[in-house]
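Note: the block below is data_21.txt and it holds compact mmCIF, C-alpha atoms.
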# COMPACT_ATOMS: atom_id res chain seq x y z
CA MET Q 462 -52.88 -35.45 37.85
CA ARG Q 463 -53.73 -36.96 41.21
CA HIS Q 464 -56.66 -39.34 41.63
CA ARG Q 465 -59.59 -37.35 43.04
CA ILE Q 466 -61.42 -38.94 45.96
CA ILE Q 467 -64.44 -37.12 47.34
CA VAL Q 468 -66.05 -38.17 50.63
CA LEU Q 469 -69.58 -36.89 51.08
CA GLY Q 470 -70.41 -36.47 54.74
CA ALA Q 471 -68.23 -36.31 57.86
CA GLY Q 472 -70.32 -38.24 60.33
CA TYR Q 473 -69.47 -41.54 61.99
CA ALA Q 474 -68.79 -43.22 58.63
CA GLY Q 475 -67.38 -40.39 56.55
CA ALA Q 476 -64.91 -38.77 58.95
CA SER Q 477 -63.21 -42.00 59.98
CA SER Q 478 -63.14 -43.30 56.40
CA ALA Q 479 -61.47 -40.15 55.14
CA GLY Q 480 -58.79 -40.52 57.81
CA ARG Q 481 -58.11 -44.12 56.83
CA LEU Q 482 -57.77 -43.20 53.17
CA ALA Q 483 -55.38 -40.36 53.97
CA ARG Q 484 -53.24 -42.67 56.07
CA ARG Q 485 -53.06 -45.57 53.65
CA LEU Q 486 -52.74 -43.90 50.23
CA HIS Q 487 -49.68 -42.00 49.09
CA PRO Q 488 -50.31 -38.22 49.06
CA SER Q 489 -48.51 -37.83 45.73
CA ASP Q 490 -51.14 -40.04 44.09
CA VAL Q 491 -54.45 -38.93 45.61
CA GLU Q 492 -56.36 -35.78 46.44
CA ILE Q 493 -58.94 -36.37 49.19
CA THR Q 494 -61.77 -33.87 49.71
CA VAL Q 495 -64.40 -34.14 52.43
CA VAL Q 496 -67.68 -32.27 51.90
CA ASN Q 497 -69.81 -31.64 54.98
CA ALA Q 498 -72.57 -29.15 55.70
CA GLU Q 499 -71.40 -28.53 59.27
CA PRO Q 500 -67.90 -27.30 60.16
CA ASP Q 501 -67.87 -29.79 63.05
CA PHE Q 502 -68.17 -33.52 63.50
CA VAL Q 503 -71.61 -33.85 65.10
CA GLU Q 504 -72.13 -36.59 67.69
CA ARG Q 505 -75.53 -37.68 66.49
CA MET Q 506 -75.93 -40.04 69.44
CA ARG Q 507 -75.87 -36.98 71.73
CA LEU Q 508 -78.37 -34.81 69.87
CA HIS Q 509 -81.17 -35.66 72.29
CA GLN Q 510 -78.93 -34.24 75.01
CA LEU Q 511 -78.24 -31.11 72.96
CA ALA Q 512 -81.99 -30.63 72.56
CA THR Q 513 -82.48 -30.56 76.33
CA GLY Q 514 -79.75 -28.03 77.04
CA ARG Q 515 -76.56 -30.03 77.38
CA GLU Q 516 -73.70 -28.81 75.20
CA PRO Q 517 -71.54 -31.64 73.82
CA ARG Q 518 -67.88 -30.95 73.19
CA ARG Q 519 -67.15 -29.30 69.87
CA HIS Q 520 -65.13 -31.35 67.35
CA GLY Q 521 -63.95 -29.01 64.58
CA LEU Q 522 -63.31 -30.86 61.34
CA ALA Q 523 -60.48 -28.51 60.36
CA GLU Q 524 -58.66 -29.41 63.57
CA MET Q 525 -59.47 -33.11 63.16
CA PHE Q 526 -58.03 -33.25 59.65
CA ALA Q 527 -55.04 -30.99 60.33
CA GLY Q 528 -51.84 -32.58 59.07
CA THR Q 529 -53.63 -35.36 57.15
CA GLY Q 530 -53.63 -33.66 53.75
CA ILE Q 531 -57.42 -33.90 53.60
CA ARG Q 532 -59.19 -30.93 52.03
CA LEU Q 533 -62.35 -29.82 53.84
CA ARG Q 534 -65.22 -28.17 51.99
CA SER Q 535 -67.94 -26.82 54.29
CA ALA Q 536 -70.92 -26.99 51.98
CA ARG Q 537 -74.19 -28.79 51.45
CA VAL Q 538 -74.47 -31.43 48.75
CA THR Q 539 -77.40 -30.57 46.48
CA ALA Q 540 -76.97 -33.05 43.63
CA ILE Q 541 -75.00 -36.01 42.35
CA ASP Q 542 -74.50 -36.93 38.72
CA ALA Q 543 -73.16 -40.47 38.89
CA ASP Q 544 -72.83 -40.80 35.12
CA ARG Q 545 -70.74 -37.64 34.78
CA ARG Q 546 -68.93 -38.26 38.09
CA THR Q 547 -69.75 -34.88 39.61
CA VAL Q 548 -71.35 -33.57 42.78
CA THR Q 549 -72.95 -30.14 43.16
CA VAL Q 550 -72.39 -28.30 46.43
CA THR Q 551 -73.42 -24.95 47.88
CA ASP Q 552 -72.26 -23.00 50.89
CA GLY Q 553 -75.16 -20.57 50.74
CA GLU Q 554 -73.33 -18.08 48.55
CA ASP Q 555 -71.47 -20.07 45.93
CA THR Q 556 -72.49 -23.20 44.05
CA ASP Q 557 -69.80 -25.44 42.61
CA ARG Q 558 -69.64 -28.68 40.67
CA LEU Q 559 -66.86 -30.96 41.90
CA ALA Q 560 -65.49 -33.75 39.72
CA TYR Q 561 -64.33 -37.04 41.20
CA ASP Q 562 -62.65 -40.24 40.14
CA THR Q 563 -63.77 -42.14 43.26
CA LEU Q 564 -66.72 -41.17 45.44
CA LEU Q 565 -67.46 -42.35 48.97
CA TYR Q 566 -71.08 -41.58 49.82
CA ALA Q 567 -71.58 -41.20 53.58
CA LEU Q 568 -74.35 -38.62 53.87
CA GLY Q 569 -76.25 -40.61 56.47
CA SER Q 570 -79.99 -40.24 56.99
CA THR Q 571 -82.70 -37.89 58.13
CA ALA Q 572 -85.97 -38.25 60.01
CA ALA Q 573 -88.55 -40.41 58.22
CA ASP Q 574 -91.98 -38.76 58.19
CA HIS Q 575 -93.62 -41.82 56.54
CA GLY Q 576 -95.86 -39.44 54.60
CA VAL Q 577 -97.76 -38.40 57.73
CA PRO Q 578 -99.34 -34.97 57.17
CA GLY Q 579 -98.09 -32.16 59.37
CA VAL Q 580 -94.79 -33.73 60.44
CA ARG Q 581 -92.65 -31.33 58.41
CA GLU Q 582 -94.75 -28.29 59.26
CA HIS Q 583 -95.36 -28.85 62.96
CA GLY Q 584 -93.08 -31.64 64.17
CA PHE Q 585 -89.63 -31.49 65.75
CA HIS Q 586 -86.86 -34.08 65.45
CA VAL Q 587 -83.24 -34.71 66.48
CA ALA Q 588 -81.79 -36.24 63.31
CA ASP Q 589 -79.34 -33.34 62.84
CA ARG Q 590 -77.88 -30.48 64.86
CA PRO Q 591 -80.05 -27.63 63.48
CA SER Q 592 -83.20 -29.62 64.21
CA ALA Q 593 -82.04 -30.50 67.74
CA LEU Q 594 -81.36 -26.81 68.39
CA ARG Q 595 -84.82 -25.93 67.06
CA LEU Q 596 -86.36 -28.35 69.56
CA ARG Q 597 -84.15 -26.90 72.28
CA ARG Q 598 -85.53 -23.41 71.63
CA ARG Q 599 -89.07 -24.73 71.82
CA LEU Q 600 -88.42 -26.48 75.12
CA GLU Q 601 -86.91 -23.27 76.49
CA GLU Q 602 -90.04 -21.40 75.44
CA LEU Q 603 -92.19 -23.89 77.33
CA GLY Q 604 -90.07 -23.59 80.46
CA GLU Q 605 -91.62 -25.78 83.14
CA ASN Q 606 -95.16 -25.72 81.78
CA GLY Q 607 -96.52 -27.67 78.87
CA THR Q 608 -96.78 -31.09 77.26
CA VAL Q 609 -94.32 -32.80 74.94
CA LEU Q 610 -95.43 -35.76 72.84
CA VAL Q 611 -92.73 -38.07 71.46
CA VAL Q 612 -93.85 -40.24 68.55
CA GLY Q 613 -91.98 -43.54 68.13
CA GLY Q 614 -91.05 -46.59 70.14
CA ASN Q 615 -87.44 -47.36 69.29
CA LEU Q 616 -84.07 -46.11 70.52
CA THR Q 617 -84.29 -42.44 69.56
CA ALA Q 618 -87.83 -42.03 70.86
CA ILE Q 619 -86.96 -43.69 74.17
CA GLU Q 620 -83.86 -41.56 74.66
CA VAL Q 621 -85.64 -38.31 73.76
CA ALA Q 622 -88.61 -39.00 76.05
CA THR Q 623 -86.53 -39.95 79.09
CA GLU Q 624 -83.98 -37.15 78.58
CA ILE Q 625 -86.68 -34.48 78.37
CA ALA Q 626 -88.56 -35.91 81.33
CA GLU Q 627 -85.43 -35.98 83.51
CA SER Q 628 -83.97 -32.63 82.48
CA ARG Q 629 -87.28 -30.73 82.55
CA PRO Q 630 -89.38 -32.32 85.27
CA GLY Q 631 -92.01 -29.59 85.07
CA LEU Q 632 -93.03 -30.67 81.57
CA ARG Q 633 -95.53 -33.45 80.99
CA VAL Q 634 -94.00 -36.00 78.63
CA ALA Q 635 -95.94 -38.61 76.68
CA LEU Q 636 -94.85 -41.24 74.18
CA ALA Q 637 -97.04 -42.69 71.43
CA THR Q 638 -96.02 -45.72 69.41
CA SER Q 639 -97.79 -48.01 66.95
CA GLY Q 640 -96.58 -51.06 68.88
CA GLU Q 641 -94.85 -51.42 72.23
CA PRO Q 642 -91.93 -49.19 73.23
CA GLY Q 643 -88.82 -51.32 73.18
CA GLY Q 644 -90.87 -54.23 71.92
CA TRP Q 645 -87.77 -55.90 70.49
CA MET Q 646 -86.14 -56.14 73.93
CA GLY Q 647 -86.00 -59.16 76.17
CA SER Q 648 -88.54 -59.36 78.98
CA LYS Q 649 -86.17 -58.16 81.73
CA ALA Q 650 -84.95 -55.23 79.68
CA ARG Q 651 -88.46 -54.16 78.76
CA ARG Q 652 -89.62 -54.32 82.38
CA HIS Q 653 -86.68 -52.10 83.28
CA LEU Q 654 -87.70 -49.68 80.52
CA MET Q 655 -91.29 -49.48 81.71
CA ARG Q 656 -90.14 -48.84 85.28
CA ALA Q 657 -88.01 -45.97 83.97
CA PHE Q 658 -91.00 -44.48 82.16
CA GLU Q 659 -92.99 -44.74 85.37
CA ARG Q 660 -90.20 -43.15 87.41
CA PHE Q 661 -89.97 -40.21 85.02
CA GLY Q 662 -93.73 -39.85 84.72
CA VAL Q 663 -93.79 -40.57 80.99
CA ASP Q 664 -97.32 -41.35 79.85
CA VAL Q 665 -97.08 -44.23 77.35
CA HIS Q 666 -99.69 -44.73 74.60
CA GLU Q 667 -99.07 -48.20 73.18
CA ASN Q 668 -100.60 -49.44 69.93
CA THR Q 669 -101.34 -45.87 68.95
CA THR Q 670 -100.60 -44.93 65.35
CA VAL Q 671 -100.30 -41.20 64.74
CA THR Q 672 -101.84 -40.21 61.40
CA ARG Q 673 -101.54 -36.44 61.57
CA VAL Q 674 -99.47 -33.85 63.40
CA GLU Q 675 -100.92 -30.45 64.17
CA ALA Q 676 -99.72 -27.29 65.88
CA THR Q 677 -101.59 -28.33 69.01
CA GLY Q 678 -100.71 -32.03 69.08
CA ALA Q 679 -101.38 -35.16 67.08
CA ILE Q 680 -104.31 -37.23 65.86
CA ALA Q 681 -104.31 -41.02 66.19
CA ALA Q 682 -105.74 -43.53 63.74
CA ASP Q 683 -108.78 -44.10 65.96
CA GLY Q 684 -109.53 -40.38 65.95
CA ALA Q 685 -108.18 -39.72 69.43
CA SER Q 686 -106.57 -36.32 69.94
CA LEU Q 687 -103.22 -36.20 71.74
CA ALA Q 688 -102.77 -32.63 72.89
CA ALA Q 689 -99.19 -31.33 73.02
CA ASP Q 690 -97.28 -28.08 72.90
CA ALA Q 691 -94.49 -29.82 71.00
CA VAL Q 692 -94.54 -33.05 68.99
CA VAL Q 693 -91.16 -34.72 68.61
CA TRP Q 694 -91.12 -37.09 65.63
CA ALA Q 695 -88.80 -40.00 66.36
CA ALA Q 696 -90.42 -42.71 64.25
CA GLY Q 697 -87.34 -43.86 62.37
CA PHE Q 698 -84.84 -42.60 59.81
CA ALA Q 699 -84.82 -42.35 56.03
CA ALA Q 700 -82.04 -42.13 53.46
CA HIS Q 701 -81.65 -38.89 51.53
CA PRO Q 702 -83.21 -39.10 48.04
CA ILE Q 703 -80.13 -37.46 46.52
CA ALA Q 704 -78.46 -40.81 45.74
CA GLY Q 705 -81.34 -42.18 43.70
CA ASP Q 706 -81.96 -38.82 42.04
CA GLY Q 707 -78.32 -38.83 40.99
CA GLY Q 708 -78.62 -42.04 39.00
CA LEU Q 709 -77.34 -44.56 41.55
CA HIS Q 710 -79.20 -47.82 41.98
CA VAL Q 711 -81.07 -47.67 45.29
CA GLU Q 712 -83.51 -49.82 47.22
CA ASP Q 713 -87.14 -48.84 47.83
CA ASP Q 714 -86.06 -47.01 50.99
CA GLY Q 715 -83.52 -44.91 49.08
CA ARG Q 716 -80.39 -46.63 50.36
CA ILE Q 717 -77.65 -47.35 47.85
CA THR Q 718 -77.44 -50.98 46.72
CA VAL Q 719 -73.87 -52.24 47.05
CA ASP Q 720 -71.89 -55.43 46.83
CA ARG Q 721 -70.01 -56.98 49.78
CA MET Q 722 -67.14 -54.53 49.21
CA MET Q 723 -69.50 -51.50 49.49
CA ARG Q 724 -69.30 -50.69 45.78
CA SER Q 725 -72.42 -49.39 44.10
CA VAL Q 726 -73.85 -52.13 41.90
CA SER Q 727 -74.62 -49.57 39.18
CA HIS Q 728 -71.51 -47.35 39.44
CA PRO Q 729 -68.50 -49.27 40.83
CA GLU Q 730 -66.42 -46.09 41.23
CA VAL Q 731 -68.95 -45.07 43.91
CA TYR Q 732 -68.72 -46.63 47.37
CA ALA Q 733 -71.17 -46.14 50.22
CA ALA Q 734 -71.05 -46.42 54.00
CA GLY Q 735 -73.24 -45.59 56.98
CA ASP Q 736 -76.99 -45.08 57.04
CA GLY Q 737 -77.19 -44.51 53.29
CA VAL Q 738 -76.02 -48.01 52.31
CA HIS Q 739 -78.11 -51.14 51.86
CA VAL Q 740 -75.92 -54.14 52.55
CA ILE Q 741 -76.52 -57.66 53.82
CA GLY Q 742 -74.70 -58.39 57.06
CA ASP Q 743 -72.93 -61.57 58.04
CA ASN Q 744 -76.20 -62.86 59.54
CA GLY Q 745 -78.00 -62.63 56.18
CA ARG Q 746 -80.04 -59.61 57.23
CA THR Q 747 -79.83 -56.00 56.12
CA LEU Q 748 -77.62 -54.00 58.47
CA PRO Q 749 -79.67 -51.44 60.41
CA MET Q 750 -79.01 -47.72 60.36
CA SER Q 751 -76.73 -47.27 63.37
CA CYS Q 752 -73.38 -45.94 64.54
CA ALA Q 753 -72.07 -49.50 64.75
CA SER Q 754 -73.06 -50.20 61.14
CA ALA Q 755 -71.36 -46.95 60.10
CA GLY Q 756 -68.11 -48.23 61.56
CA PHE Q 757 -68.22 -51.64 59.90
CA THR Q 758 -69.35 -50.39 56.49
CA GLY Q 759 -66.82 -47.54 56.59
CA MET Q 760 -63.95 -49.94 57.27
CA GLN Q 761 -65.04 -52.20 54.43
CA ALA Q 762 -65.51 -49.32 52.00
CA THR Q 763 -62.06 -47.86 52.68
CA ALA Q 764 -60.42 -51.27 52.44
CA ALA Q 765 -62.09 -51.74 49.05
CA ILE Q 766 -61.06 -48.31 47.79
CA VAL Q 767 -57.45 -48.90 48.81
CA GLY Q 768 -57.47 -52.36 47.24
CA ASP Q 769 -59.12 -51.27 44.02
CA LEU Q 770 -56.77 -48.30 43.53
CA THR Q 771 -53.53 -50.06 44.45
CA GLY Q 772 -54.18 -53.57 43.16
CA ARG Q 773 -53.82 -55.05 46.64
CA GLY Q 774 -56.07 -57.78 48.00
CA ILE Q 775 -59.12 -56.52 49.89
CA PRO Q 776 -59.69 -57.85 53.43
CA GLU Q 777 -63.26 -58.82 54.16
CA ARG Q 778 -64.26 -56.84 57.23
CA PRO Q 779 -66.99 -58.16 59.55
CA LEU Q 780 -70.50 -56.85 58.96
CA ALA Q 781 -72.09 -57.64 62.30
CA TYR Q 782 -74.64 -56.24 64.73
CA PHE Q 783 -74.26 -57.07 68.40
CA GLY Q 784 -77.02 -55.23 70.22
CA ASN Q 785 -78.83 -52.05 71.19
CA CYS Q 786 -77.55 -49.57 73.76
CA VAL Q 787 -80.09 -47.00 74.92
CA SER Q 788 -79.83 -44.23 77.52
CA LEU Q 789 -82.64 -43.67 80.00
CA GLY Q 790 -81.69 -40.22 81.20
CA ARG Q 791 -78.22 -39.56 82.57
CA GLY Q 792 -77.67 -42.39 85.02
CA ASP Q 793 -79.70 -45.27 83.65
CA GLY Q 794 -79.70 -47.36 80.51
CA ILE Q 795 -80.09 -50.72 78.80
CA PHE Q 796 -77.70 -52.71 76.65
CA GLN Q 797 -79.71 -55.42 74.92
CA VAL Q 798 -77.59 -58.15 73.34
CA VAL Q 799 -78.87 -59.82 70.15
CA ASP Q 800 -78.07 -63.20 68.66
CA GLY Q 801 -76.85 -64.04 65.17
CA GLU Q 802 -80.35 -63.61 63.80
CA ALA Q 803 -80.64 -60.11 65.35
CA ARG Q 804 -83.13 -61.41 67.94
CA SER Q 805 -82.85 -60.20 71.52
CA ARG Q 806 -81.23 -62.57 73.94
CA PRO Q 807 -82.67 -62.98 77.46
CA TRP Q 808 -79.53 -61.38 78.88
CA SER Q 809 -79.05 -57.61 79.05
CA LEU Q 810 -77.17 -54.97 81.00
CA ARG Q 811 -79.43 -52.58 82.87
CA GLY Q 812 -79.17 -49.57 85.14
CA ARG Q 813 -75.98 -47.65 85.89
CA THR Q 814 -73.77 -50.34 84.39
CA ALA Q 815 -75.48 -49.98 81.03
CA ALA Q 816 -75.31 -46.18 81.33
CA PHE Q 817 -71.56 -46.47 81.94
CA VAL Q 818 -71.16 -48.70 78.88
CA LYS Q 819 -73.08 -46.21 76.73
CA ALA Q 820 -71.00 -43.30 78.02
CA PHE Q 821 -67.80 -45.28 77.38
CA VAL Q 822 -68.88 -45.99 73.80
CA LEU Q 823 -69.71 -42.33 73.22
CA ARG Q 824 -66.37 -41.12 74.59
CA GLY Q 825 -64.41 -43.75 72.66
CA THR Q 826 -66.22 -42.99 69.42
CA ALA Q 827 -65.65 -39.25 69.82
CA TRP Q 828 -61.94 -39.83 70.49
CA ASN Q 829 -61.64 -41.96 67.38
CA MET Q 830 -63.34 -39.23 65.35
CA ARG Q 831 -60.96 -36.59 66.72
CA ASN Q 832 -58.00 -38.78 65.79
CA PRO Q 833 -59.03 -40.21 62.40
CA THR Q 834 -55.59 -41.54 61.46
CA TYR Q 835 -54.41 -42.83 64.84
CA GLY Q 836 -53.18 -46.42 64.93
CA LEU Q 837 -53.44 -46.98 61.19
CA PRO Q 838 -50.55 -48.04 58.93
CA THR Q 839 -48.38 -45.19 57.69
CA ARG Q 840 -49.37 -44.15 54.18
CA ARG Q 841 -47.18 -46.06 51.75
CA TYR Q 842 -49.41 -47.57 49.09
CA ARG Q 843 -48.96 -46.20 45.58
CA LEU Q 844 -51.74 -46.35 43.04
CA ALA Q 845 -51.75 -48.90 40.27
CA ALA Q 846 -51.67 -47.72 36.67
CA ALA Q 847 -55.43 -48.22 36.49
CA PRO Q 848 -58.05 -49.08 39.12
CA VAL Q 849 -58.49 -52.80 39.70
CA ARG Q 850 -61.94 -53.99 40.75
CA SER Q 851 -60.96 -57.00 42.79
CA THR Q 852 -63.66 -59.48 43.73
CA GLU Q 853 -61.28 -61.61 45.76
CA ALA Q 854 -61.18 -61.15 49.53
CA VAL Q 855 -58.02 -61.81 51.49
CA ALA Q 856 -57.31 -62.52 55.10
CA ASP Q 857 -56.80 -59.36 57.10
Could I get this structure in the form of structure tokens?
Amino acid sequence: MRHRIIVLGAGYAGASSAGRLARRLHPSDVEITVVNAEPDFVERMRLHQLATGREPRRHGLAEMFAGTGIRLRSARVTAIDADRRTVTVTDGEDTDRLAYDTLLYALGSTAADHGVPGVREHGFHVADRPSALRLRRRLEELGENGTVLVVGGNLTAIEVATEIAESRPGLRVALATSGEPGGWMGSKARRHLMRAFERFGVDVHENTTVTRVEATGAIAADGASLAADAVVWAAGFAAHPIAGDGGLHVEDDGRITVDRMMRSVSHPEVYAAGDGVHVIGDNGRTLPMSCASAGFTGMQATAAIVGDLTGRGIPERPLAYFGNCVSLGRGDGIFQVVDGEARSRPWSLRGRTAAFVKAFVLRGTAWNMRNPTYGLPTRRYRLAAAPVRSTEAVAD
């Protein structure tokens, strides 16, 4: 019987990791199944564009995995039983329980409502494709008349506010944040950001904490009413509770606690990558939820799975974070470089150059997703008689 590997999620971490495993492990020894709710790889970094009417290129997972030997199951994960090594999935009609020997958890994250009343009932977000399309329909209903309030002050909020303002100039766009928008940026980058808000006519409410969302807008902590025809909630991301509910050891924020090799500390046959993993980076800080972190954690997780199953040494991949790249509409942007302590450096790329860098990253990432096994060693590694949990890193 072949060793059963299940990869949950086919986003930035899951899709590429599945490709690496298929390329490096002998097909006679392993059976790799990817479970994903969508039939396509979704470019999450473009969902704010999808919400405003742009249609990103479709990346069908069946086409991506063709010829790799990977089995694709289009279904939603509803439960994990880490002790029994099973996952429960549903495609809307049938519910199945899938057994695994090794699990790679890469389900990502969703919008964090922070317990604010009304967010789920009245708010919109762009954390997944269905939600971005729901916001798109609302913006189409508004046409060129109405007000959109974006709640949040970090990357997603900035990109949503500027994209809506540029693509639908007839709408009034406002942004409310508990601190300063882009407050982590260097002084030059933040000045550039504020000029972009001014150019697009985005009304910024700094130091404004939203405590309730209603059908007609939002209410701030000081009682002020922020009228809006649509409230877009972009105040951060949260891990899915499914991991903790399934018996895995998780942090207070729901992310799976792992060792340096991305193994669950409570269930070492479970590995995690992407937004759902809590791991300390090379700078001693927790890696943030980001596409870049998905890449690094995915590479480490697959290296560990290959090493543990074949008895080979496990290379220690870098776990780094180099900066923030944010779009300001279609022809403007900021790339803010950070130092080893994740603090913003004075230097940053701004304007069209930064927009070009962001577009280059998006195109390169999409190409890598469409070609998950390109450039990797040909599959040759046979499995050891029994899994070996190596704690020894080797030079790559």
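Using all atoms listed in the file, the shortest contact distance between Ala588 (chain Q) and any of Q:Val634, Q:Ala567, Q:Cys786, Q:Ala695 is found at Q:Ala695.
Distances here use all atoms listed in the file; by that measure, the residue among Q:Arg806, Q:Arg778, Q:Arg519, Q:Arg673 closest to Gly579 (chain Q) is Q:Arg673.
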Between Q:Asp769, Q:Asp683, Q:Asp714, Q:Glu602, single out the one closest to Met750 (chain Q), counting all atoms listed in the file. Q:Asp714
Would you pick out the contacts of region 753-760 of chain Q at 9 Å or less, using all atoms listed in the file, so that residues sharing its chain but fewer than 5 positions from it are not included, and give the list as number ranges by chain? Q: 472-475, 477-478, 481, 567, 569, 722-723, 733-736, 738, 740, 748, 765, 778-783
Would you compute the distance between CA of Gly812 (chain Q) and CA of Thr623 (chain Q)? Give it in Å to one decimal. 13.5 Å
Separation of CA of Gly528 (chain Q) and CA of Arg843 (chain Q), in Å? 19.4 Å
Could you check which residues have any atom within 12 Å of (-79.9, -35.1, 73.9), counting only C-alpha atoms with coordinates taken straight from the file, and then list them as a PDB file with C-alpha atoms, in the coordinates of the input?
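Saved the output as part.pdb:
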ATOM      1  CA  GLU Q 504     -72.130 -36.590  67.690  1.00  0.00           C
ATOM      2  CA  ARG Q 505     -75.530 -37.680  66.490  1.00  0.00           C
ATOM      3  CA  MET Q 506     -75.930 -40.040  69.440  1.00  0.00           C
ATOM      4  CA  ARG Q 507     -75.870 -36.980  71.730  1.00  0.00           C
ATOM      5  CA  LEU Q 508     -78.370 -34.810  69.870  1.00  0.00           C
ATOM      6  CA  HIS Q 509     -81.170 -35.660  72.290  1.00  0.00           C
ATOM      7  CA  GLN Q 510     -78.930 -34.240  75.010  1.00  0.00           C
ATOM      8  CA  LEU Q 511     -78.240 -31.110  72.960  1.00  0.00           C
ATOM      9  CA  ALA Q 512     -81.990 -30.630  72.560  1.00  0.00           C
ATOM     10  CA  THR Q 513     -82.480 -30.560  76.330  1.00  0.00           C
ATOM     11  CA  GLY Q 514     -79.750 -28.030  77.040  1.00  0.00           C
ATOM     12  CA  ARG Q 515     -76.560 -30.030  77.380  1.00  0.00           C
ATOM     13  CA  GLU Q 516     -73.700 -28.810  75.200  1.00  0.00           C
ATOM     14  CA  PRO Q 517     -71.540 -31.640  73.820  1.00  0.00           C
ATOM     15  CA  HIS Q 586     -86.860 -34.080  65.450  1.00  0.00           C
ATOM     16  CA  VAL Q 587     -83.240 -34.710  66.480  1.00  0.00           C
ATOM     17  CA  ALA Q 588     -81.790 -36.240  63.310  1.00  0.00           C
ATOM     18  CA  ASP Q 589     -79.340 -33.340  62.840  1.00  0.00           C
ATOM     19  CA  ARG Q 590     -77.880 -30.480  64.860  1.00  0.00           C
ATOM     20  CA  SER Q 592     -83.200 -29.620  64.210  1.00  0.00           C
ATOM     21  CA  ALA Q 593     -82.040 -30.500  67.740  1.00  0.00           C
ATOM     22  CA  LEU Q 594     -81.360 -26.810  68.390  1.00  0.00           C
ATOM     23  CA  LEU Q 596     -86.360 -28.350  69.560  1.00  0.00           C
ATOM     24  CA  ARG Q 597     -84.150 -26.900  72.280  1.00  0.00           C
ATOM     25  CA  THR Q 617     -84.290 -42.440  69.560  1.00  0.00           C
ATOM     26  CA  ALA Q 618     -87.830 -42.030  70.860  1.00  0.00           C
ATOM     27  CA  ILE Q 619     -86.960 -43.690  74.170  1.00  0.00           C
ATOM     28  CA  GLU Q 620     -83.860 -41.560  74.660  1.00  0.00           C
ATOM     29  CA  VAL Q 621     -85.640 -38.310  73.760  1.00  0.00           C
ATOM     30  CA  ALA Q 622     -88.610 -39.000  76.050  1.00  0.00           C
ATOM     31  CA  THR Q 623     -86.530 -39.950  79.090  1.00  0.00           C
ATOM     32  CA  GLU Q 624     -83.980 -37.150  78.580  1.00  0.00           C
ATOM     33  CA  ILE Q 625     -86.680 -34.480  78.370  1.00  0.00           C
ATOM     34  CA  ALA Q 626     -88.560 -35.910  81.330  1.00  0.00           C
ATOM     35  CA  GLU Q 627     -85.430 -35.980  83.510  1.00  0.00           C
ATOM     36  CA  SER Q 628     -83.970 -32.630  82.480  1.00  0.00           C
ATOM     37  CA  VAL Q 787     -80.090 -47.000  74.920  1.00  0.00           C
ATOM     38  CA  SER Q 788     -79.830 -44.230  77.520  1.00  0.00           C
ATOM     39  CA  LEU Q 789     -82.640 -43.670  80.000  1.00  0.00           C
ATOM     40  CA  GLY Q 790     -81.690 -40.220  81.200  1.00  0.00           C
ATOM     41  CA  ARG Q 791     -78.220 -39.560  82.570  1.00  0.00           C
TER      42      ARG Q 791
END
Looking at all atoms listed in the file, which of Q:Leu469, Q:Ala845, Q:Val663, Q:Ile703 is the one that sits closest to Thr539 (chain Q)? Q:Ile703
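Polymer residues near (-70.1, -26.4, 49.3): counting only C-alpha atoms with a cut-off of 6 Å, they are Q:Arg534, Q:Ser535, Q:Ala536, Q:Arg537, Q:Val550, Q:Thr551, Q:Asp552.
The spacing separating CA of Thr556 (chain Q) from CA of Ala540 (chain Q) amounts to 10.8 Å.
Among the candidates Q:Thr547, Q:Thr571, Q:Thr494, Q:Thr608, the residue lying nearest to Thr529 (chain Q) is Q:Thr494 (atoms considered: all atoms listed in the file).
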My list of candidates is Q:Asp720, Q:Glu582, Q:Asp544, Q:Glu667. Which is closest to Gly708 (chain Q) when distances are computed with all atoms listed in the file? Q:Asp544
Output as a tab-separated table one row per residue of region 767-835 of chain Q within 8 Å of region 635-655 of chain Q: the closest atom pair and its distance in Å to one decimal place, counting only C-alpha atoms, sorted by chain and residue number ascending.
residue	atom	partner	partner_atom	distance
Q:Leu789	CA	Q:Leu654	CA	7.9
Q:Ile795	CA	Q:Ala650	CA	6.7
Q:Gln797	CA	Q:Met646	CA	6.5
Q:Arg804	CA	Q:Trp645	CA	7.6
Q:Ser805	CA	Q:Gly647	CA	5.7
Q:Arg806	CA	Q:Gly647	CA	6.3
Q:Pro807	CA	Q:Gly647	CA	5.2
Q:Trp808	CA	Q:Gly647	CA	7.4
Q:Ser809	CA	Q:Ala650	CA	6.4
Q:Leu810	CA	Q:Ala650	CA	7.9
Q:Arg811	CA	Q:Ala650	CA	6.9
Could you list, as an MDAnalysis selection string, every residue within 10 Å of Ala688 (chain Q), counting only C-alpha atoms and ignoring same-chain residues fewer than 5 positions away? chainID Q and resid 607:610 635 675:680
Next, the residues of the selection above should be written as an mmCIF file, keeping the file's coordinate frame with C-alpha atoms.
data_model
loop_
_atom_site.group_PDB
_atom_site.id
_atom_site.type_symbol
_atom_site.label_atom_id
_atom_site.label_comp_id
_atom_site.auth_asym_id
_atom_site.auth_seq_id
_atom_site.Cartn_x
_atom_site.Cartn_y
_atom_site.Cartn_z
ATOM 1 C CA GLY Q 607 -96.520 -27.670 78.870
ATOM 2 C CA THR Q 608 -96.780 -31.090 77.260
ATOM 3 C CA VAL Q 609 -94.320 -32.800 74.940
ATOM 4 C CA LEU Q 610 -95.430 -35.760 72.840
ATOM 5 C CA ALA Q 635 -95.940 -38.610 76.680
ATOM 6 C CA GLU Q 675 -100.920 -30.450 64.170
ATOM 7 C CA ALA Q 676 -99.720 -27.290 65.880
ATOM 8 C CA THR Q 677 -101.590 -28.330 69.010
ATOM 9 C CA GLY Q 678 -100.710 -32.030 69.080
ATOM 10 C CA ALA Q 679 -101.380 -35.160 67.080
ATOM 11 C CA ILE Q 680 -104.310 -37.230 65.860
#
